[in-house]
$ cat structure_23.txt   # compact mmCIF, C-alpha atoms and all ligand atoms
# COMPACT_ATOMS: atom_id res chain seq x y z
CA MET A 793 154.58 78.53 137.47
CA ASN A 794 156.78 81.38 138.59
CA ASP A 795 158.21 82.78 135.39
CA PRO A 796 156.30 85.98 134.57
CA SER A 797 157.18 86.00 130.86
CA ALA A 798 156.27 82.30 130.38
CA LEU A 799 153.04 82.93 132.25
CA THR A 800 152.29 85.94 130.06
CA ALA A 801 152.94 83.91 126.91
CA ASP A 802 150.54 81.18 128.10
CA ALA A 803 147.87 83.74 128.94
CA VAL A 804 148.19 85.56 125.61
CA GLU A 805 147.95 82.25 123.73
CA ALA A 806 144.80 81.21 125.65
CA ILE A 807 143.27 84.64 125.05
CA GLY A 808 144.00 84.40 121.33
CA LYS A 809 142.23 81.05 121.12
CA SER A 810 139.15 82.12 123.08
CA GLN A 811 135.92 82.31 121.07
CA THR A 812 133.44 83.85 123.49
CA SER A 813 133.36 86.62 126.04
CA ALA A 814 132.47 84.04 128.70
CA GLU A 815 135.71 82.22 127.91
CA LEU A 816 137.64 85.50 128.16
CA GLU A 817 136.11 86.17 131.54
CA ARG A 818 137.20 82.75 132.79
CA ILE A 819 140.77 83.39 131.54
CA GLU A 820 140.81 86.80 133.20
CA VAL A 821 139.88 85.27 136.56
CA GLU A 822 142.40 82.46 136.12
CA TYR A 823 145.32 84.82 135.51
CA LEU A 824 144.40 88.11 137.09
CA GLY A 825 142.12 86.99 139.95
CA ARG A 826 143.10 89.00 143.00
CA LYS A 827 143.75 86.09 145.37
CA SER A 828 144.20 82.86 143.42
CA GLY A 829 145.07 84.19 139.98
CA HIS A 830 148.38 83.01 138.50
CA VAL A 831 149.79 86.54 138.47
CA SER A 832 149.04 87.14 142.15
CA LYS A 833 150.69 83.84 142.98
CA LEU A 834 153.96 85.04 141.39
CA LEU A 835 154.21 87.39 144.34
CA GLU A 836 153.99 84.62 146.92
CA GLY A 837 157.23 84.56 148.95
CA ILE A 838 158.33 87.97 147.70
CA GLY A 839 159.00 88.83 151.38
CA ARG A 840 161.97 86.45 151.44
CA LEU A 841 163.67 88.23 148.54
CA SER A 842 166.20 91.03 148.76
CA ALA A 843 165.11 94.56 147.99
CA ASP A 844 166.73 94.46 144.53
CA GLU A 845 165.19 91.09 143.69
CA ARG A 846 161.86 92.34 144.94
CA ALA A 847 162.03 95.35 142.64
CA VAL A 848 162.86 93.18 139.64
CA LEU A 849 160.07 90.70 140.35
CA GLY A 850 157.56 93.46 141.05
CA LYS A 851 158.37 95.13 137.78
CA ALA A 852 158.09 91.82 135.87
CA VAL A 853 154.75 91.04 137.49
CA ASN A 854 153.36 94.49 136.64
CA GLU A 855 154.53 94.06 133.09
CA ALA A 856 152.84 90.63 132.86
CA LYS A 857 149.61 92.08 134.25
CA ARG A 858 149.66 94.97 131.79
CA MET A 859 150.26 92.67 128.82
CA ILE A 860 147.54 90.21 129.79
CA GLU A 861 145.08 93.08 130.32
CA GLY A 862 146.00 94.50 126.95
CA ALA A 863 145.51 91.12 125.25
CA LEU A 864 142.17 90.67 126.96
CA ALA A 865 140.92 94.09 125.82
CA ALA A 866 142.11 93.54 122.26
CA ARG A 867 140.50 90.09 122.02
CA ARG A 868 137.29 91.41 123.54
CA SER A 869 136.88 94.10 120.90
CA GLN A 870 137.79 91.56 118.20
CA LEU A 871 135.04 89.19 119.37
CA GLU A 872 132.53 92.05 119.56
CA ALA A 873 133.36 93.14 116.02
CA THR A 874 132.91 89.57 114.78
CA ARG A 875 129.59 89.29 116.63
CA LEU A 876 128.32 92.51 115.02
CA ALA A 877 129.49 91.42 111.59
CA ASP A 878 127.66 88.10 111.97
CA LEU A 879 124.56 89.92 113.12
CA ALA A 880 124.70 92.26 110.14
CA GLU A 881 124.81 89.20 107.91
CA THR A 882 121.99 87.21 109.50
CA GLU A 883 119.66 90.04 110.44
CA ALA A 884 120.36 92.17 107.39
CA ILE A 885 117.78 94.76 106.32
CA ASP A 886 118.47 96.15 102.88
CA VAL A 887 117.03 99.64 103.07
CA THR A 888 117.61 100.13 99.34
CA PHE A 889 115.38 97.14 98.44
CA PRO A 890 112.31 98.35 96.51
CA GLY A 891 109.11 98.17 98.56
CA ARG A 892 106.17 95.91 97.73
CA PRO A 893 103.61 98.10 95.98
CA LEU A 894 100.26 98.42 97.77
CA GLU A 895 97.46 97.33 95.48
CA ARG A 896 94.92 100.10 95.09
CA GLY A 897 91.27 99.24 95.02
CA GLN A 898 88.65 101.22 93.16
CA ILE A 899 85.04 102.20 93.44
CA HIS A 900 82.70 99.42 92.25
CA VAL A 901 81.11 100.22 88.90
CA LEU A 902 77.58 100.15 90.38
CA THR A 903 78.62 102.65 93.04
CA GLN A 904 80.19 104.82 90.34
CA VAL A 905 76.97 104.84 88.31
CA ARG A 906 74.84 105.44 91.42
CA ARG A 907 76.98 108.42 92.40
CA GLN A 908 76.79 109.85 88.88
CA ILE A 909 72.99 109.60 88.97
CA GLU A 910 72.93 111.24 92.41
CA THR A 911 75.21 114.06 91.27
CA VAL A 912 73.08 114.82 88.20
CA LEU A 913 69.82 114.90 90.17
CA GLU A 914 71.29 116.79 93.10
CA SER A 915 72.24 119.48 90.59
CA LEU A 916 68.48 119.81 89.91
CA GLY A 917 67.76 120.21 93.62
CA TYR A 918 66.81 116.63 94.47
CA GLN A 919 67.90 115.27 97.85
CA VAL A 920 68.97 111.71 98.63
CA GLU A 921 66.60 109.81 100.95
CA LEU A 922 67.43 106.41 102.40
CA GLY A 923 65.10 103.89 104.00
CA PRO A 924 65.07 100.44 105.61
CA GLU A 925 65.58 97.32 103.50
CA VAL A 926 63.25 95.35 105.79
CA GLU A 927 59.76 96.74 105.36
CA THR A 928 56.21 96.13 106.46
CA GLU A 929 53.74 94.96 103.85
CA TRP A 930 51.90 98.23 104.30
CA PHE A 931 54.86 100.35 103.15
CA ASN A 932 55.92 97.89 100.44
CA PHE A 933 52.39 97.34 99.00
CA GLU A 934 49.29 98.96 100.52
CA ALA A 935 50.73 102.46 100.78
CA LEU A 936 51.63 102.20 97.09
CA ASN A 937 48.12 101.23 96.14
CA ILE A 938 48.82 97.53 95.78
CA ALA A 939 46.11 95.95 97.92
CA ALA A 940 46.34 92.42 99.28
CA GLY A 941 45.31 90.03 96.52
CA HIS A 942 46.08 92.61 93.80
CA PRO A 943 47.46 90.69 90.79
CA ALA A 944 50.30 93.23 90.57
CA ARG A 945 51.75 91.90 93.83
CA GLU A 946 53.17 88.98 91.91
CA MET A 947 55.45 91.40 90.03
CA TRP A 948 57.00 92.47 93.33
CA ASP A 949 57.11 89.16 95.17
CA SER A 950 59.90 89.22 97.73
CA PHE A 951 61.31 87.37 100.73
CA TYR A 952 59.24 87.28 103.91
CA PHE A 953 60.43 87.17 107.52
CA GLY A 954 56.97 86.20 108.68
CA PRO A 955 53.51 87.72 108.38
CA GLY A 956 53.65 91.36 107.34
CA LEU A 957 57.44 91.77 107.23
CA LEU A 958 59.59 91.42 104.12
CA LEU A 959 62.68 92.57 102.24
CA ARG A 960 61.51 95.55 100.21
CA ALA A 961 60.84 94.76 96.55
CA HIS A 962 61.49 98.33 95.41
CA THR A 963 62.68 101.60 96.92
CA SER A 964 59.16 103.09 96.59
CA PRO A 965 58.44 102.67 100.34
CA VAL A 966 61.08 105.36 100.92
CA GLN A 967 58.83 107.79 99.02
CA ILE A 968 56.05 107.18 101.55
CA HIS A 969 58.48 107.53 104.49
CA ALA A 970 59.80 110.77 103.00
CA MET A 971 56.35 112.30 102.41
CA GLN A 972 55.31 111.39 105.96
CA ARG A 973 58.48 112.89 107.38
CA ILE A 974 58.76 116.07 105.28
CA LYS A 975 54.94 116.70 105.38
CA GLU A 976 55.06 120.05 103.56
CA PRO A 977 55.76 120.00 99.82
CA PRO A 978 57.58 120.90 97.66
CA ILE A 979 59.38 117.56 97.88
CA TYR A 980 62.15 116.60 95.48
CA ILE A 981 63.92 113.40 96.49
CA ILE A 982 65.77 110.41 95.06
CA THR A 983 65.91 107.05 96.84
CA PRO A 984 68.94 104.93 95.91
CA GLY A 985 69.11 101.52 97.58
CA ARG A 986 69.14 97.74 97.49
CA CYS A 987 65.96 95.81 96.63
CA TYR A 988 64.98 92.14 96.64
CA ARG A 989 62.69 89.97 94.56
CA ARG A 990 61.95 86.30 94.42
CA ASP A 991 63.66 85.75 91.07
CA ALA A 992 66.31 83.25 90.02
CA PRO A 993 69.57 84.96 88.93
CA GLU A 994 69.60 85.47 85.16
CA ALA A 995 71.40 87.71 82.72
CA THR A 996 68.73 90.40 83.06
CA ARG A 997 67.33 89.89 86.57
CA LEU A 998 68.62 89.11 90.04
CA PRO A 999 67.04 88.36 93.42
CA TYR A 1000 68.89 91.44 94.74
CA PHE A 1001 69.59 94.61 92.82
CA SER A 1002 69.78 98.37 93.26
CA GLN A 1003 67.26 100.99 92.33
CA VAL A 1004 67.04 104.72 92.19
CA GLU A 1005 63.62 106.28 92.29
CA GLY A 1006 62.77 109.92 92.06
CA LEU A 1007 59.77 111.69 93.52
CA ALA A 1008 58.65 115.25 92.95
CA VAL A 1009 55.64 116.69 94.78
CA ASP A 1010 54.71 120.27 94.02
CA LYS A 1011 51.91 122.37 92.55
CA GLY A 1012 50.83 121.86 88.93
CA LEU A 1013 53.49 119.36 87.84
CA THR A 1014 53.01 117.80 84.40
CA VAL A 1015 54.17 114.79 82.40
CA GLY A 1016 56.28 117.32 80.48
CA ASP A 1017 58.16 118.26 83.69
CA MET A 1018 58.80 114.58 84.35
CA LYS A 1019 59.98 113.90 80.79
CA GLY A 1020 62.26 116.95 80.90
CA THR A 1021 63.83 115.70 84.14
CA LEU A 1022 64.40 112.22 82.67
CA LEU A 1023 65.85 113.71 79.48
CA PHE A 1024 68.26 115.90 81.46
CA MET A 1025 69.35 112.92 83.54
CA ILE A 1026 69.82 110.60 80.53
CA GLN A 1027 71.72 113.21 78.51
CA SER A 1028 73.95 114.04 81.49
CA LEU A 1029 74.80 110.36 81.92
CA TYR A 1030 74.97 109.16 78.31
CA GLY A 1031 75.51 112.23 76.15
CA ARG A 1032 73.57 115.09 74.56
CA GLU A 1033 72.59 113.10 71.48
CA ARG A 1034 70.41 110.68 73.45
CA LYS A 1035 66.62 110.93 73.34
CA VAL A 1036 63.96 109.77 75.78
CA ARG A 1037 60.48 108.53 75.02
CA VAL A 1038 57.64 107.40 77.26
CA ARG A 1039 55.14 104.65 76.43
CA PRO A 1040 51.82 104.08 78.22
CA SER A 1041 51.98 101.34 80.83
CA PHE A 1042 50.40 100.39 84.12
CA PHE A 1043 51.58 100.68 87.72
CA PRO A 1044 49.18 100.79 90.67
CA PHE A 1045 51.02 103.77 92.23
CA THR A 1046 51.01 106.13 89.24
CA GLU A 1047 48.22 107.43 87.00
CA PRO A 1048 48.95 107.78 84.14
CA SER A 1049 51.88 105.34 84.07
CA PHE A 1050 54.65 104.99 81.49
CA GLU A 1051 57.69 103.00 80.62
CA PHE A 1052 60.58 105.20 79.59
CA ASP A 1053 63.14 104.31 76.96
CA VAL A 1054 66.41 105.86 75.85
CA SER A 1055 67.52 105.96 72.22
CA CYS A 1056 70.14 103.34 71.34
CA GLY A 1057 73.66 104.76 71.60
CA ILE A 1058 75.08 102.37 69.02
CA CYS A 1059 72.73 102.99 66.09
CA GLY A 1060 71.37 106.37 67.21
CA GLY A 1061 67.79 105.10 66.92
CA MET A 1062 68.12 103.52 63.44
CA GLY A 1063 67.93 99.96 64.84
CA CYS A 1064 70.76 97.50 65.38
CA LYS A 1065 71.49 94.16 67.02
CA SER A 1066 72.13 95.82 70.41
CA CYS A 1067 68.63 97.34 70.60
CA ARG A 1068 67.02 94.36 68.82
CA HIS A 1069 66.34 96.67 65.86
CA LYS A 1070 63.97 98.83 67.89
CA GLY A 1071 66.24 101.88 68.10
CA TRP A 1072 65.28 102.19 71.80
CA LEU A 1073 66.39 100.58 75.06
CA GLU A 1074 64.06 100.14 78.03
CA VAL A 1075 65.26 101.90 81.16
CA GLY A 1076 62.48 102.06 83.73
CA GLY A 1077 59.00 103.11 84.73
CA CYS A 1078 57.48 106.48 85.57
CA GLY A 1079 54.24 108.34 85.91
CA MET A 1080 52.18 110.90 87.79
CA VAL A 1081 51.82 109.90 91.43
CA HIS A 1082 48.40 108.32 92.16
CA PRO A 1083 46.31 110.57 94.46
CA GLN A 1084 45.84 107.69 96.92
CA VAL A 1085 49.61 107.31 97.24
CA LEU A 1086 49.91 111.02 98.07
CA ARG A 1087 47.16 110.57 100.66
CA ASN A 1088 48.99 107.58 102.16
CA GLY A 1089 52.05 109.82 102.46
CA GLY A 1090 49.97 112.44 104.30
CA ILE A 1091 49.82 114.86 101.34
CA ASP A 1092 46.54 116.44 100.20
CA PRO A 1093 46.07 115.54 96.48
CA SER A 1094 43.62 118.37 95.97
CA GLN A 1095 46.46 120.82 96.60
CA TRP A 1096 49.52 119.01 95.36
CA ASN A 1097 50.46 116.59 92.65
CA GLY A 1098 53.64 114.75 91.75
CA TYR A 1099 55.55 112.56 89.40
CA ALA A 1100 57.85 109.64 90.12
CA TRP A 1101 60.16 107.35 88.23
CA GLY A 1102 62.32 104.36 89.01
CA PHE A 1103 64.94 102.21 87.37
CA GLY A 1104 67.60 99.65 88.20
CA ILE A 1105 71.15 100.89 88.69
CA GLU A 1106 72.43 97.61 87.18
CA ARG A 1107 70.34 98.30 84.07
CA MET A 1108 71.80 101.81 83.82
CA ALA A 1109 75.34 100.45 84.23
CA MET A 1110 74.69 97.78 81.57
CA LEU A 1111 73.53 100.44 79.13
CA LYS A 1112 76.40 102.76 79.95
CA HIS A 1113 79.15 100.16 79.67
CA ASP A 1114 77.55 97.75 77.19
CA VAL A 1115 77.48 94.85 79.67
CA ASP A 1116 75.15 92.01 78.65
CA ASP A 1117 74.92 90.02 81.90
CA MET A 1118 73.80 91.57 85.18
CA ARG A 1119 75.34 88.77 87.25
CA LEU A 1120 78.83 90.01 86.36
CA PHE A 1121 78.38 92.99 88.71
CA TYR A 1122 78.10 90.69 91.72
CA GLU A 1123 80.55 87.93 90.89
CA SER A 1124 83.55 89.87 92.27
CA ASP A 1125 85.72 88.88 89.31
CA LEU A 1126 88.47 91.51 89.33
CA ARG A 1127 89.16 90.99 85.62
CA PHE A 1128 85.66 92.33 85.00
CA LEU A 1129 85.52 94.97 87.74
CA GLU A 1130 88.93 96.50 87.01
CA GLN A 1131 87.75 97.62 83.58
CA PHE A 1132 85.69 100.47 84.98
ZN ZN B 1201 70.59 100.20 68.25
$ encode --input "structure_23.txt" --output "structure tokens"
Amino acid sequence: MNDPSALTADAVEAIGKSQTSAELERIEVEYLGRKSGHVSKLLEGIGRLSADERAVLGKAVNEAKRMIEGALAARRSQLEATRLADLAETEAIDVTFPGRPLERGQIHVLTQVRRQIETVLESLGYQVELGPEVETEWFNFEALNIAAGHPAREMWDSFYFGPGLLLRAHTSPVQIHAMQRIKEPPIYIITPGRCYRRDAPEATRLPYFSQVEGLAVDKGLTVGDMKGTLLFMIQSLYGRERKVRVRPSFFPFTEPSFEFDVSCGICGGMGCKSCRHKGWLEVGGCGMVHPQVLRNGGIDPSQWNGYAWGFGIERMAMLKHDVDDMRLFYESDLRFLEQF
């Protein structure tokens, strides 16, 4: 082909039909390649032409080259624009689309109640003491005046890892650890933590549960001091109108020992279905620390005395929120847990 304008027309048509940049590159080489491109070939034999003819042909060839280059550039930017538009469609990110809300968790109701109890007692000067959940029999029983073979051991039967080692049945061992560590009274501590007992799960008892115990060791403490502390705690948690009473009971580690009750919040002590018409709800146990327990903690009972109390955090949460089945706290049912 030796007609520059026909050649240009062919090139422009091919460029217009091209769909990829690779195709465009191939067309560019075919027409504008320095040695074997169609445009270069137009100049073959130019030496045999006259000067005038040479000028005309040269001008026509330059024109063809310029037009093909222009068409190539235009088609290239067209293809690029199409590619970007396609990309925008397939890889679209809509920055105005509303985000997925992050679901917020909340503090478990038992943790809430435990923290409230801690806050109230810390305001009285008590300090939180923690201890191991795996205990020796000595700390879990003997140190608390429950000798081997004592019938009271059945009340605190737990899970054993082998001779002498068990999951603690109460947080009382922490009291012994604390007395041994602190050595010099006055001691005012609370011992929140998980406990274990060999019980089948029921509405009012579980094989694992949480306790808070309190221990005060000082000079000349009385049952009145203990009752005042319990009353302050109960009224801080449940309201000023609540009352506390203690009833004689028995625990090997306190002498005298009591159960303590709180007046029913529904009937105000008059008696209703909730309190089984007693007007009172059982909360926990308490008493003056047995001298032998002080001795086991390394404290001289001729110089110091103390009181202690303990109750289940689940029990406190049930009373506070009127829950009638303890198992609900551990079943991880969000419909239940989200209420608190
Ligand atoms: Zn009642």
$ closest_residue --input "structure_23.txt" --among "A:Gly923, A:Gly1031, A:Gly850, A:Gly1079" --to "Val966 of chain A" --atoms "only C-alpha atoms"
A:Gly923
$ closest_residue --input "structure_23.txt" --among "A:Ile860, A:Met1062, A:Cys1067, A:Leu879" --to "Glu822 of chain A" --atoms "all atoms listed in the file"
A:Ile860
$ residues_near_ligand --input "structure_23.txt" --ligand "ligand ZN 1201 (chain B)" --cutoff "9 Å" --atoms "all atoms listed in the file" --output "PyMOL selection string"
chain A and resi 1055-1073
$ residues_around --input "structure_23.txt" --residues "Ser964 of chain A" --least-positions-apart "2" --cutoff "9 Å" --atoms "only C-alpha atoms" --output "NGL selection string"
:A and (931-932 or 936 or 960-962 or 966-968 or 983 or 1005-1006 or 1102)
$ write_last_selection --input "structure_23.txt" --atoms "C-alpha atoms" --output "mmCIF file, in the coordinates of the input"
data_model
loop_
_atom_site.group_PDB
_atom_site.id
_atom_site.type_symbol
_atom_site.label_atom_id
_atom_site.label_comp_id
_atom_site.auth_asym_id
_atom_site.auth_seq_id
_atom_site.Cartn_x
_atom_site.Cartn_y
_atom_site.Cartn_z
ATOM 1 C CA PHE A 931 54.860 100.350 103.150
ATOM 2 C CA ASN A 932 55.920 97.890 100.440
ATOM 3 C CA LEU A 936 51.630 102.200 97.090
ATOM 4 C CA ARG A 960 61.510 95.550 100.210
ATOM 5 C CA ALA A 961 60.840 94.760 96.550
ATOM 6 C CA HIS A 962 61.490 98.330 95.410
ATOM 7 C CA VAL A 966 61.080 105.360 100.920
ATOM 8 C CA GLN A 967 58.830 107.790 99.020
ATOM 9 C CA ILE A 968 56.050 107.180 101.550
ATOM 10 C CA THR A 983 65.910 107.050 96.840
ATOM 11 C CA GLU A 1005 63.620 106.280 92.290
ATOM 12 C CA GLY A 1006 62.770 109.920 92.060
ATOM 13 C CA GLY A 1102 62.320 104.360 89.010
#
$ residues_around --input "structure_23.txt" --residues "Leu1007 of chain A" --least-positions-apart "5" --cutoff "9 Å" --atoms "all atoms listed in the file" --output "list in words"
Tyr918, Gln967, Ile979, Tyr980, Ile981, Ile982, Thr983, Val1081, Gly1098, Tyr1099, Ala1100, Trp1101 and Gly1102 of chain A
$ closest_residue --input "structure_23.txt" --among "A:Met1080, A:Ile938, A:Ile909, A:Leu916" --to "Met1108 of chain A" --atoms "all atoms listed in the file"
A:Ile909
$ atom_distance --input "structure_23.txt" --atom1 "atom CA of Ser1002 of chain A" --atom2 "atom CA of Glu1106 of chain A"
6.7 Å
$ axis_aligned_box --input "structure_23.txt" --around "segment 1092-1099 of chain A" --padding-each-side "8 Å" --output "JSON"
{"center_x": 49.6, "center_y": 116.7, "center_z": 94.8, "size_x": 27.9, "size_y": 24.3, "size_z": 26.8}
$ atom_distance --input "structure_23.txt" --atom1 "atom CA of Glu925 of chain A" --atom2 "atom CA of Ile1091 of chain A"
23.7 Å
$ atom_distance --input "structure_23.txt" --atom1 "atom CA of Phe1024 of chain A" --atom2 "atom CA of Pro1040 of chain A"
20.5 Å
$ closest_residue --input "structure_23.txt" --among "A:Gln908, A:Thr963, A:Gln898, A:Ser1041" --to "Gln1003 of chain A" --atoms "all atoms listed in the file"
A:Thr963
$ residues_around --input "structure_23.txt" --residues "Gly1077 of chain A" --least-positions-apart "3" --cutoff "8 Å" --atoms "all atoms listed in the file" --output "JSON, numbers by chain"
{"A": [1049, 1050, 1051, 1052, 1101, 1102, 1103]}
$ closest_residue --input "structure_23.txt" --among "A:Leu1029, A:Cys987, A:Leu958, A:Pro1083" --to "Phe1001 of chain A" --atoms "all atoms listed in the file"
A:Cys987
$ residues_around --input "structure_23.txt" --residues "Phe951 of chain A" --least-positions-apart "3" --cutoff "12 Å" --atoms "all atoms listed in the file" --output "PDB file with C-alpha atoms, in the coordinates of the input"
ATOM      1  CA  GLU A 925      65.580  97.320 103.500  1.00  0.00           C
ATOM      2  CA  VAL A 926      63.250  95.350 105.790  1.00  0.00           C
ATOM      3  CA  GLU A 927      59.760  96.740 105.360  1.00  0.00           C
ATOM      4  CA  THR A 928      56.210  96.130 106.460  1.00  0.00           C
ATOM      5  CA  GLU A 929      53.740  94.960 103.850  1.00  0.00           C
ATOM      6  CA  ASN A 932      55.920  97.890 100.440  1.00  0.00           C
ATOM      7  CA  TRP A 948      57.000  92.470  93.330  1.00  0.00           C
ATOM      8  CA  GLY A 954      56.970  86.200 108.680  1.00  0.00           C
ATOM      9  CA  PRO A 955      53.510  87.720 108.380  1.00  0.00           C
ATOM     10  CA  GLY A 956      53.650  91.360 107.340  1.00  0.00           C
ATOM     11  CA  LEU A 957      57.440  91.770 107.230  1.00  0.00           C
ATOM     12  CA  LEU A 958      59.590  91.420 104.120  1.00  0.00           C
ATOM     13  CA  LEU A 959      62.680  92.570 102.240  1.00  0.00           C
ATOM     14  CA  ARG A 960      61.510  95.550 100.210  1.00  0.00           C
ATOM     15  CA  ALA A 961      60.840  94.760  96.550  1.00  0.00           C
ATOM     16  CA  CYS A 987      65.960  95.810  96.630  1.00  0.00           C
ATOM     17  CA  TYR A 988      64.980  92.140  96.640  1.00  0.00           C
ATOM     18  CA  ARG A 989      62.690  89.970  94.560  1.00  0.00           C
ATOM     19  CA  ARG A 990      61.950  86.300  94.420  1.00  0.00           C
ATOM     20  CA  ASP A 991      63.660  85.750  91.070  1.00  0.00           C
ATOM     21  CA  PRO A 999      67.040  88.360  93.420  1.00  0.00           C
ATOM     22  CA  TYR A1000      68.890  91.440  94.740  1.00  0.00           C
TER      23      TYR A1000
END
$ closest_residue --input "structure_23.txt" --among "A:Phe953, A:Lys1019, A:His1082, A:Arg986" --to "Thr1046 of chain A" --atoms "all atoms listed in the file"
A:His1082
$ residues_near_point --input "structure_23.txt" --point "(60.4, 109.3, 80.6)" --cutoff "7 Å" --atoms "only C-alpha atoms" --output "PyMOL selection string"
chain A and resi 1018-1019+1022+1036-1038+1051-1053+1078
$ residues_around --input "structure_23.txt" --residues "segment 835-839 of chain A" --least-positions-apart "2" --cutoff "8 Å" --atoms "all atoms listed in the file" --output "list in words"
Val831, Ser832, Lys833, Leu841, Ser842, Arg846, Leu849, Gly850 and Val853 of chain A
$ build_atoms --input "structure_23.txt" --residues "segment 840-857 of chain A" --atoms "N, CA and C atoms" --output "mmCIF file, keeping the file's coordinate frame"
data_model
loop_
_atom_site.group_PDB
_atom_site.id
_atom_site.type_symbol
_atom_site.label_atom_id
_atom_site.label_comp_id
_atom_site.auth_asym_id
_atom_site.auth_seq_id
_atom_site.Cartn_x
_atom_site.Cartn_y
_atom_site.Cartn_z
ATOM 1 N N ARG A 840 160.679 87.070 151.133
ATOM 2 C CA ARG A 840 161.970 86.450 151.440
ATOM 3 C C ARG A 840 163.075 86.972 150.523
ATOM 4 N N LEU A 841 162.658 87.753 149.509
ATOM 5 C CA LEU A 841 163.670 88.230 148.540
ATOM 6 C C LEU A 841 164.327 89.515 149.018
ATOM 7 N N SER A 842 165.502 89.779 148.438
ATOM 8 C CA SER A 842 166.200 91.030 148.760
ATOM 9 C C SER A 842 165.450 92.192 148.111
ATOM 10 N N ALA A 843 165.764 93.373 148.518
ATOM 11 C CA ALA A 843 165.110 94.560 147.990
ATOM 12 C C ALA A 843 165.291 94.653 146.479
ATOM 13 N N ASP A 844 166.468 94.400 145.980
ATOM 14 C CA ASP A 844 166.730 94.460 144.530
ATOM 15 C C ASP A 844 165.889 93.430 143.772
ATOM 16 N N GLU A 845 165.959 92.169 144.339
ATOM 17 C CA GLU A 845 165.190 91.090 143.690
ATOM 18 C C GLU A 845 163.674 91.412 143.692
ATOM 19 N N ARG A 846 163.262 91.969 144.821
ATOM 20 C CA ARG A 846 161.860 92.340 144.940
ATOM 21 C C ARG A 846 161.460 93.352 143.851
ATOM 22 N N ALA A 847 162.307 94.334 143.645
ATOM 23 C CA ALA A 847 162.030 95.350 142.640
ATOM 24 C C ALA A 847 161.937 94.724 141.247
ATOM 25 N N VAL A 848 162.854 93.830 140.967
ATOM 26 C CA VAL A 848 162.860 93.180 139.640
ATOM 27 C C VAL A 848 161.593 92.357 139.430
ATOM 28 N N LEU A 849 161.255 91.551 140.463
ATOM 29 C CA LEU A 849 160.070 90.700 140.350
ATOM 30 C C LEU A 849 158.795 91.550 140.229
ATOM 31 N N GLY A 850 158.744 92.586 141.090
ATOM 32 C CA GLY A 850 157.560 93.460 141.050
ATOM 33 C C GLY A 850 157.369 94.066 139.675
ATOM 34 N N LYS A 851 158.455 94.507 139.103
ATOM 35 C CA LYS A 851 158.370 95.130 137.780
ATOM 36 C C LYS A 851 157.890 94.122 136.732
ATOM 37 N N ALA A 852 158.458 92.879 136.831
ATOM 38 C CA ALA A 852 158.090 91.820 135.870
ATOM 39 C C ALA A 852 156.616 91.453 136.008
ATOM 40 N N VAL A 853 156.150 91.392 137.264
ATOM 41 C CA VAL A 853 154.750 91.040 137.490
ATOM 42 C C VAL A 853 153.805 92.114 136.937
ATOM 43 N N ASN A 854 154.163 93.383 137.187
ATOM 44 C CA ASN A 854 153.360 94.490 136.640
ATOM 45 C C ASN A 854 153.298 94.446 135.125
ATOM 46 N N GLU A 855 154.441 94.148 134.550
ATOM 47 C CA GLU A 855 154.530 94.060 133.090
ATOM 48 C C GLU A 855 153.607 92.943 132.571
ATOM 49 N N ALA A 856 153.676 91.761 133.262
ATOM 50 C CA ALA A 856 152.840 90.630 132.860
ATOM 51 C C ALA A 856 151.359 91.004 132.941
ATOM 52 N N LYS A 857 151.001 91.676 134.033
ATOM 53 C CA LYS A 857 149.610 92.080 134.250
ATOM 54 C C LYS A 857 149.137 93.018 133.129
#
